[in-house]
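*Asks:* Okay, here's the structure, questions in a sec.
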Amino acid sequence: MRCERLETIRKIAELAKIRLSQEEEAKMCEDIERIASYLSTLSEAAREIGGEPLYYVWDSYAHVREGGEPTPLEVKELPTARKDGFIVVPWRGGSVEDEGSMGGSERH
Amino acid sequence: MRTREAWEVARDIRLGSLDPVDHAERILEAIERNEGRIRAFISLRQRGSIRALAEEASRRVRRGERIGKLAGLLVSVKDNICTRGLPTTAGSRMLEGFVPPYDATVVERLEAEGAIIVGKTNLDEFAMGSTTELSAFGPTKNPWDPRRVPGGSSGGSAASLAYGGADLSLGSDTGGSARLPAAFTATVGLKPTYGRVSRYGLIPYGNSLEQISPMARSVRDVALLLEVIGGFDPRDATSLPLPPPDLLSAAQGPPREICIVEEMISGAEEPLERSFWRIVHRMESEGFSVEIVKIPSLRWALPTYYTIAFAEAASNLARYVGIFYPMKSSERRWEDYVEDVRARGFGPEVKRRILMGVYALSEGFREDLYVAATKVRRVIRDEVWRVARRCVIASQASPILPPFLGERVKDPLKLYYMDMYTVVANLAGIPAMVQPIGFYEGLPIGIQWMAEPMGENKLISIGLFVEEMTGIRGVIAE
């Protein structure tokens, strides 16, 4: 039987840069379907309870360093998009010319 | 069989009535006798090197020089904690051949107090597992019954203690990885308050959840180890600005109020249930007040924990692309190179968790999975803190007795259920300890205690009381 999320799993594996054999892919898809179904109870729980996310257990006591406020950045704002769906990260010093070169400074 | 506790060995070495060389030899003999069967270690320090360090300790004692709190004690260290000059693999092919150029802060602190690192212990790959079957270097077996697992992921550390292959051990605990093995091997594992122990040099899996955790054969030994490794470290941004804890000299009587959280006892196998209530009733008869409470949000604890752990794992393991660590590829195209390295370097469970993490963080699922989990985590933390601030929480450590090798590992959900009682402390960042309270047909049974943040002293004092009651401490499987 074909696993319903197979296309999603392939996309996720591509993003995670994990190559799966056909056999691995089928098993992974089956497992991930079961796990995802188990985890899906959380969205309802979160709607029921509302509130803010907690990323760090001491959040009430943590102090962000001065000038350390994060700046939100949308991926679409990045200047250099590549044809295969990857982007060049500008602050890592990459440039589109480096495309395909492993030894260069480009990172995805 | 009963053996001497580490604090007694340290005392006798200090007093000159025990030669560190003889002591080291006894431990090395236990390793020789058991290691082929149990496989607790991934790598062992050379005998000559251990002997030389023990001889140095012996000389210092004879000359009347200052010696550390752990002088002459042999400590095993989980193989996801960096040790300068000693291989550190995290149980993964990805790191096979990696020799860290620096020590984790905890290792520096151990050696500054005279401890001798005896070897690096087996674990589920990158600490992702509950049985120590998922190591790239093969499974570790439970010294109490080698057909069964020792729990995980710090199963190598627990097994090394359980057969007498170390005086003390360092594990790590992301969702119960030091406590579940303690429950399965009649040892003691204490996950400290989040930020109490430096994570500098710990190969990360779930940063917001994990702590390096002391493991030993008695409560007093675990306290001794935590006193040495705890305290602020400027190299870890999440380290709390606190001095090393004083747990033994400041020990007071145990707190008399115990809360039993309904959600943390239901679902356990019958022999575990019976042992748990036997201890609780005995404590009641000793004057402890026992209250049953409910924490409704705990019904979501396991999915919350796993969603967050998956997401953090995916992020942490993104660094393994064949550049900084030993595994390489002959592929020439960047994408092929990375995919090849990750396909060969990671085992199936690690791949599964990375994929689940990327899934939970990806557009379209993020709000319903990762963000939802972080919101539920806040409610769990607040509700657990509220209870832990007025009483010490008693709970089951594991829903099952140690399973047979291969029994759980094939089904990921069955594997994850083993952590149902332990993940709560990681989500809430509070200290939790598991200690042995009995045996069922030769298999160890543990109990879990949880306290308010920074309440390790409460865990130690209640643990010492329970040891007095049961007489179970310092036991080995030989």
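Chain labels A, B, ... are given in the sequence in which chains occur in the structure tokens; within each chain residues are numbered consecutively from 1, and ligands are likewise numbered from 1 in the order shown.
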May I have the residues within 9 Å of B:Leu226 as a ChimeraX atom specification, using only C-alpha atoms and disregarding those fewer than 5 positions away in the same chain?

*Replies:* /B:190,192,197,213-214,221,244-245,247

*Asks:* At a cut-off of 8 Å, can you tabulate as a Markdown table every residue of chain B near chain A together with its closest atom pair and the distance in Å to one decimal, using only C-alpha atoms and ordering rows by chain then number?

*Replies:*
| residue | atom | partner | partner_atom | distance |
| --- | --- | --- | --- | --- |
| B:Tyr194 | CA | A:Val57 | CA | 7.7 |
| B:Ser208 | CA | A:Tyr56 | CA | 6.0 |
| B:Trp300 | CA | A:Leu42 | CA | 7.1 |
| B:Pro303 | CA | A:Leu39 | CA | 5.1 |
| B:Thr304 | CA | A:Leu42 | CA | 7.1 |
| B:Thr307 | CA | A:Leu39 | CA | 7.0 |
| B:Ala314 | CA | A:Ala16 | CA | 7.7 |
| B:Ala318 | CA | A:Ala16 | CA | 7.7 |
| B:Arg332 | CA | A:Met102 | CA | 7.5 |
| B:Arg333 | CA | A:Gly100 | CA | 6.4 |
| B:Trp334 | CA | A:Met102 | CA | 5.2 |
| B:Glu335 | CA | A:Lys17 | CA | 7.5 |
| B:Val338 | CA | A:Lys17 | CA | 6.6 |
| B:Glu339 | CA | A:Lys17 | CA | 5.1 |
| B:Asp340 | CA | A:Arg19 | CA | 6.8 |
| B:Arg342 | CA | A:Ile18 | CA | 5.8 |
| B:Ala343 | CA | A:Arg19 | CA | 5.4 |
| B:Lys351 | CA | A:Ile18 | CA | 7.3 |
| B:Arg352 | CA | A:Met28 | CA | 6.6 |
| B:Ile354 | CA | A:Ala16 | CA | 7.1 |
| B:Leu355 | CA | A:Ile12 | CA | 6.3 |
| B:Met356 | CA | A:Ile32 | CA | 6.8 |
| B:Val358 | CA | A:Ile12 | CA | 6.4 |
| B:Tyr359 | CA | A:Ile12 | CA | 6.2 |
| B:Glu367 | CA | A:Ser43 | CA | 7.7 |
| B:Asp368 | CA | A:Ser43 | CA | 4.6 |
| B:Leu369 | CA | A:Ser43 | CA | 6.3 |
| B:Val371 | CA | A:Pro53 | CA | 6.4 |
| B:Ala372 | CA | A:Ala46 | CA | 5.1 |
| B:Ala373 | CA | A:Leu42 | CA | 6.2 |
| B:Thr374 | CA | A:Pro53 | CA | 4.6 |
| B:Lys375 | CA | A:Pro53 | CA | 4.1 |
| B:Val376 | CA | A:Ala46 | CA | 5.9 |
| B:Arg377 | CA | A:Leu54 | CA | 6.3 |
| B:Arg378 | CA | A:Leu54 | CA | 5.2 |
| B:Val379 | CA | A:Ile49 | CA | 8.0 |
| B:Arg381 | CA | A:Val57 | CA | 7.6 |
| B:Pro412 | CA | A:Asp31 | CA | 7.3 |
| B:Leu413 | CA | A:Ile35 | CA | 6.9 |
| B:Leu427 | CA | A:Val57 | CA | 7.6 |
| B:Ala428 | CA | A:Val57 | CA | 6.5 |
| B:Gly429 | CA | A:Val57 | CA | 6.0 |

*Asks:* Show me, as an mmCIF file with N, CA and C atoms, in the first residue's frame, the residues that have an atom within 10 Å of B:Ala477 when counting only C-alpha atoms, minus same-chain residues fewer than 6 positions from it.

*Replies:*
data_model
loop_
_atom_site.group_PDB
_atom_site.id
_atom_site.type_symbol
_atom_site.label_atom_id
_atom_site.label_comp_id
_atom_site.auth_asym_id
_atom_site.auth_seq_id
_atom_site.Cartn_x
_atom_site.Cartn_y
_atom_site.Cartn_z
ATOM 1 N N MET B 1 25.091 -8.391 44.916
ATOM 2 C CA MET B 1 26.273 -8.269 45.760
ATOM 3 C C MET B 1 26.502 -6.808 46.118
ATOM 4 N N ARG B 2 26.935 -6.587 47.351
ATOM 5 C CA ARG B 2 27.152 -5.222 47.820
ATOM 6 C C ARG B 2 28.624 -4.842 47.617
ATOM 7 N N ASN B 142 22.110 -5.649 29.731
ATOM 8 C CA ASN B 142 21.869 -5.356 31.142
ATOM 9 C C ASN B 142 22.608 -6.371 32.020
ATOM 10 N N PRO B 143 23.514 -5.913 32.885
ATOM 11 C CA PRO B 143 24.268 -6.862 33.706
ATOM 12 C C PRO B 143 23.390 -7.732 34.618
ATOM 13 N N TRP B 144 22.167 -7.284 34.917
ATOM 14 C CA TRP B 144 21.278 -8.079 35.779
ATOM 15 C C TRP B 144 20.631 -9.224 34.995
ATOM 16 N N ASP B 145 20.538 -9.069 33.703
ATOM 17 C CA ASP B 145 20.020 -10.126 32.811
ATOM 18 C C ASP B 145 20.441 -9.752 31.391
ATOM 19 N N ALA B 159 25.380 0.426 32.843
ATOM 20 C CA ALA B 159 25.890 -0.954 32.864
ATOM 21 C C ALA B 159 27.295 -1.002 33.460
ATOM 22 N N LEU B 161 28.466 0.826 35.767
ATOM 23 C CA LEU B 161 28.318 0.891 37.225
ATOM 24 C C LEU B 161 27.776 -0.432 37.769
ATOM 25 N N ALA B 162 26.800 -0.977 37.050
ATOM 26 C CA ALA B 162 26.098 -2.161 37.565
ATOM 27 C C ALA B 162 26.989 -3.399 37.623
ATOM 28 N N TYR B 163 28.046 -3.464 36.817
ATOM 29 C CA TYR B 163 28.940 -4.631 36.956
ATOM 30 C C TYR B 163 30.246 -4.280 37.663
ATOM 31 N N GLY B 164 30.356 -3.040 38.137
ATOM 32 C CA GLY B 164 31.546 -2.675 38.902
ATOM 33 C C GLY B 164 32.693 -2.205 38.034
ATOM 34 N N THR B 185 18.899 -0.796 36.125
ATOM 35 C CA THR B 185 20.166 -1.425 36.542
ATOM 36 C C THR B 185 20.461 -1.286 38.039
ATOM 37 N N ALA B 186 19.479 -0.876 38.822
ATOM 38 C CA ALA B 186 19.656 -0.697 40.277
ATOM 39 C C ALA B 186 20.750 0.314 40.596
ATOM 40 N N GLY B 442 14.505 -10.846 39.997
ATOM 41 C CA GLY B 442 15.900 -10.519 39.685
ATOM 42 C C GLY B 442 16.089 -9.253 38.863
#

*Asks:* Would you give me, as JSON, numbers by chain, the residues in stretch 280-459 of chain B that DSSP reads as helix (DSSP H, G or I)?

*Replies:* {"B": [280, 281, 282, 283, 284, 285, 296, 297, 298, 299, 300, 301, 302, 303, 304, 305, 306, 307, 308, 309, 310, 311, 312, 313, 314, 315, 316, 317, 318, 319, 334, 335, 336, 337, 338, 339, 340, 341, 342, 343, 344, 345, 348, 349, 350, 351, 352, 353, 354, 355, 356, 357, 358, 359, 360, 361, 367, 368, 369, 370, 371, 372, 373, 374, 375, 376, 377, 378, 379, 380, 381, 382, 383, 384, 385, 386, 387, 388, 412, 413, 414, 415, 416, 417, 423, 424, 425, 426, 427, 428, 456, 457, 458, 459]}

*Asks:* As an exercise, work out the distance from atom CA of B:Gln211 to atom CA of B:Thr83 in Å and give it to one decimal place.

*Replies:* 16.9 Å

*Asks:* Using only C-alpha atoms, determine which residues lie at most 12 Å from B:Ile295, disregarding the query and same-chain residues fewer than 4 positions distant; provide the list as a compact mmCIF listing (two decimals) with C-alpha atoms, in the first residue's frame.

*Replies:*
# COMPACT_ATOMS: atom_id res chain seq x y z
CA CYS B 259 2.77 14.48 46.10
CA ILE B 260 1.88 11.65 43.79
CA VAL B 261 0.83 12.84 40.37
CA GLU B 262 -1.87 10.57 39.01
CA GLU B 263 -0.72 10.95 35.41
CA MET B 264 2.78 9.80 36.39
CA ILE B 265 1.83 6.49 37.94
CA ARG B 299 -1.52 14.00 29.03
CA TRP B 300 0.29 15.98 26.34
CA ALA B 301 3.78 15.63 27.85
CA VAL B 379 1.48 25.20 30.58
CA ILE B 380 3.24 21.97 31.62
CA ARG B 381 6.15 23.89 33.14
CA ASP B 382 3.87 26.22 35.09
CA GLU B 383 1.64 23.43 36.40
CA VAL B 384 4.56 21.20 37.37
CA TRP B 385 6.40 24.05 39.11
CA ARG B 386 3.26 24.88 41.10
CA VAL B 387 3.12 21.35 42.51
CA ALA B 388 6.90 20.92 42.93
CA ILE B 393 6.82 14.55 43.58
CA VAL B 424 8.16 15.78 32.43

*Asks:* So which one's closest to B:Trp7, B:Lys69, B:Lys294, B:Lys410, B:Arg179? Using only C-alpha atoms, please.

*Replies:*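 Closest candidate: B:Lys69.
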
*Asks:* Applying 10 Å and only C-alpha atoms, which residues near B:Gly68 remain after dropping the ones on its own chain fewer than 2 positions away? List them as a list of chain:residue names.

*Replies:*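 In the requested format, the answer is B:Ala10, B:Arg14, B:Ala57, B:Glu65, B:Arg66, B:Leu70, B:Ala71, B:Gly72, B:Leu110, B:Glu111, B:Ala112, B:Glu113, B:Gly114, B:Ala115, B:Val228.
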
*Asks:* Those same residues, written as a PDB file, in the first residue's frame with N, CA, C and O atoms?

*Replies:*
ATOM      1  N   ALA B  10      36.870   6.924  48.240  1.00  0.00           N
ATOM      2  CA  ALA B  10      37.611   8.194  48.251  1.00  0.00           C
ATOM      3  C   ALA B  10      38.144   8.487  49.653  1.00  0.00           C
ATOM      4  O   ALA B  10      39.290   8.930  49.824  1.00  0.00           O
ATOM      5  N   ARG B  14      42.065   8.711  50.795  1.00  0.00           N
ATOM      6  CA  ARG B  14      42.555   9.929  51.466  1.00  0.00           C
ATOM      7  C   ARG B  14      43.252   9.574  52.779  1.00  0.00           C
ATOM      8  O   ARG B  14      44.278  10.124  53.138  1.00  0.00           O
ATOM      9  N   ALA B  57      48.359   9.270  42.043  1.00  0.00           N
ATOM     10  CA  ALA B  57      47.481   9.541  43.198  1.00  0.00           C
ATOM     11  C   ALA B  57      48.080   8.906  44.451  1.00  0.00           C
ATOM     12  O   ALA B  57      48.092   9.518  45.533  1.00  0.00           O
ATOM     13  N   GLU B  65      50.455  15.289  50.089  1.00  0.00           N
ATOM     14  CA  GLU B  65      50.054  16.452  49.280  1.00  0.00           C
ATOM     15  C   GLU B  65      48.540  16.547  49.206  1.00  0.00           C
ATOM     16  O   GLU B  65      47.827  15.582  49.479  1.00  0.00           O
ATOM     17  N   ARG B  66      48.075  17.716  48.753  1.00  0.00           N
ATOM     18  CA  ARG B  66      46.632  17.905  48.594  1.00  0.00           C
ATOM     19  C   ARG B  66      46.115  16.964  47.502  1.00  0.00           C
ATOM     20  O   ARG B  66      46.712  16.866  46.434  1.00  0.00           O
ATOM     21  N   LEU B  70      37.854  13.462  44.423  1.00  0.00           N
ATOM     22  CA  LEU B  70      37.624  12.204  43.698  1.00  0.00           C
ATOM     23  C   LEU B  70      38.936  11.474  43.423  1.00  0.00           C
ATOM     24  O   LEU B  70      39.000  10.614  42.531  1.00  0.00           O
ATOM     25  N   ALA B  71      39.981  11.807  44.178  1.00  0.00           N
ATOM     26  CA  ALA B  71      41.310  11.240  43.894  1.00  0.00           C
ATOM     27  C   ALA B  71      41.264   9.706  43.882  1.00  0.00           C
ATOM     28  O   ALA B  71      40.771   9.082  44.826  1.00  0.00           O
ATOM     29  N   GLY B  72      41.758   9.141  42.799  1.00  0.00           N
ATOM     30  CA  GLY B  72      41.856   7.685  42.693  1.00  0.00           C
ATOM     31  C   GLY B  72      40.567   6.999  42.275  1.00  0.00           C
ATOM     32  O   GLY B  72      40.555   5.776  42.102  1.00  0.00           O
ATOM     33  N   LEU B 110      36.136  17.099  36.788  1.00  0.00           N
ATOM     34  CA  LEU B 110      36.413  15.762  37.347  1.00  0.00           C
ATOM     35  C   LEU B 110      37.917  15.578  37.552  1.00  0.00           C
ATOM     36  O   LEU B 110      38.368  15.151  38.621  1.00  0.00           O
ATOM     37  N   GLU B 111      38.668  15.908  36.510  1.00  0.00           N
ATOM     38  CA  GLU B 111      40.116  15.662  36.576  1.00  0.00           C
ATOM     39  C   GLU B 111      40.792  16.609  37.569  1.00  0.00           C
ATOM     40  O   GLU B 111      41.766  16.232  38.218  1.00  0.00           O
ATOM     41  N   ALA B 112      40.235  17.812  37.708  1.00  0.00           N
ATOM     42  CA  ALA B 112      40.798  18.745  38.691  1.00  0.00           C
ATOM     43  C   ALA B 112      40.644  18.188  40.109  1.00  0.00           C
ATOM     44  O   ALA B 112      41.399  18.541  41.013  1.00  0.00           O
ATOM     45  N   GLU B 113      39.654  17.306  40.304  1.00  0.00           N
ATOM     46  CA  GLU B 113      39.454  16.701  41.630  1.00  0.00           C
ATOM     47  C   GLU B 113      40.078  15.305  41.705  1.00  0.00           C
ATOM     48  O   GLU B 113      39.772  14.528  42.610  1.00  0.00           O
ATOM     49  N   GLY B 114      40.923  14.980  40.742  1.00  0.00           N
ATOM     50  CA  GLY B 114      41.705  13.741  40.837  1.00  0.00           C
ATOM     51  C   GLY B 114      41.060  12.502  40.251  1.00  0.00           C
ATOM     52  O   GLY B 114      41.593  11.396  40.385  1.00  0.00           O
ATOM     53  N   ALA B 115      39.887  12.660  39.592  1.00  0.00           N
ATOM     54  CA  ALA B 115      39.235  11.477  39.011  1.00  0.00           C
ATOM     55  C   ALA B 115      40.036  10.963  37.822  1.00  0.00           C
ATOM     56  O   ALA B 115      40.710  11.735  37.135  1.00  0.00           O
ATOM     57  N   VAL B 228      30.837  18.211  42.355  1.00  0.00           N
ATOM     58  CA  VAL B 228      32.070  18.472  41.590  1.00  0.00           C
ATOM     59  C   VAL B 228      31.766  19.086  40.223  1.00  0.00           C
ATOM     60  O   VAL B 228      32.421  20.032  39.794  1.00  0.00           O
TER      61      VAL B 228
END

*Asks:* Work out how far apart atom CA of B:Pro20 and atom CA of B:Asn80 are and give it in Å to one decimal.

*Replies:* 27.4 Å

*Asks:* List as an mmCIF file with N, CA and C atoms, in the first residue's frame the protein and nucleic acid residues near B:Cys391, meaning an atom at most 9 Å away when only C-alpha atoms are counted, but skip any in the same chain fewer than 4 places from it.

*Replies:*
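As a result, out_33.cif now contains:
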data_model
loop_
_atom_site.group_PDB
_atom_site.id
_atom_site.type_symbol
_atom_site.label_atom_id
_atom_site.label_comp_id
_atom_site.auth_asym_id
_atom_site.auth_seq_id
_atom_site.Cartn_x
_atom_site.Cartn_y
_atom_site.Cartn_z
ATOM 1 N N PRO B 255 12.279 16.409 53.151
ATOM 2 C CA PRO B 255 10.993 17.104 53.178
ATOM 3 C C PRO B 255 9.883 16.096 53.451
ATOM 4 N N ARG B 256 8.898 16.454 54.262
ATOM 5 C CA ARG B 256 7.903 15.462 54.700
ATOM 6 C C ARG B 256 6.662 15.424 53.822
ATOM 7 N N GLU B 257 6.566 16.357 52.864
ATOM 8 C CA GLU B 257 5.362 16.379 52.014
ATOM 9 C C GLU B 257 5.671 15.729 50.657
ATOM 10 N N ILE B 258 4.907 14.711 50.345
ATOM 11 C CA ILE B 258 5.083 14.018 49.067
ATOM 12 C C ILE B 258 3.792 14.135 48.262
ATOM 13 N N CYS B 259 3.932 14.472 46.992
ATOM 14 C CA CYS B 259 2.766 14.477 46.102
ATOM 15 C C CYS B 259 2.931 13.358 45.086
ATOM 16 N N VAL B 387 3.167 22.503 41.610
ATOM 17 C CA VAL B 387 3.117 21.346 42.514
ATOM 18 C C VAL B 387 4.479 21.146 43.188
ATOM 19 N N ALA B 451 11.767 17.537 42.190
ATOM 20 C CA ALA B 451 11.667 18.649 43.154
ATOM 21 C C ALA B 451 11.591 19.973 42.401
ATOM 22 N N GLU B 452 11.394 21.036 43.156
ATOM 23 C CA GLU B 452 11.326 22.371 42.554
ATOM 24 C C GLU B 452 12.682 22.731 41.925
#

*Asks:* Extract, using only C-alpha atoms, all DNA, RNA and protein residues at most 12 Å from B:Glu286, discarding same-chain residues fewer than 3 positions from it, and format them as a list of chain:residue names.

*Replies:*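 Answer for this query is B:Pro254, B:Arg256, B:Glu257, B:Ile279, B:Val280, B:His281, B:Arg282, B:Met283, B:Ser289, B:Val290, B:Phe465, B:Val466, B:Met469.
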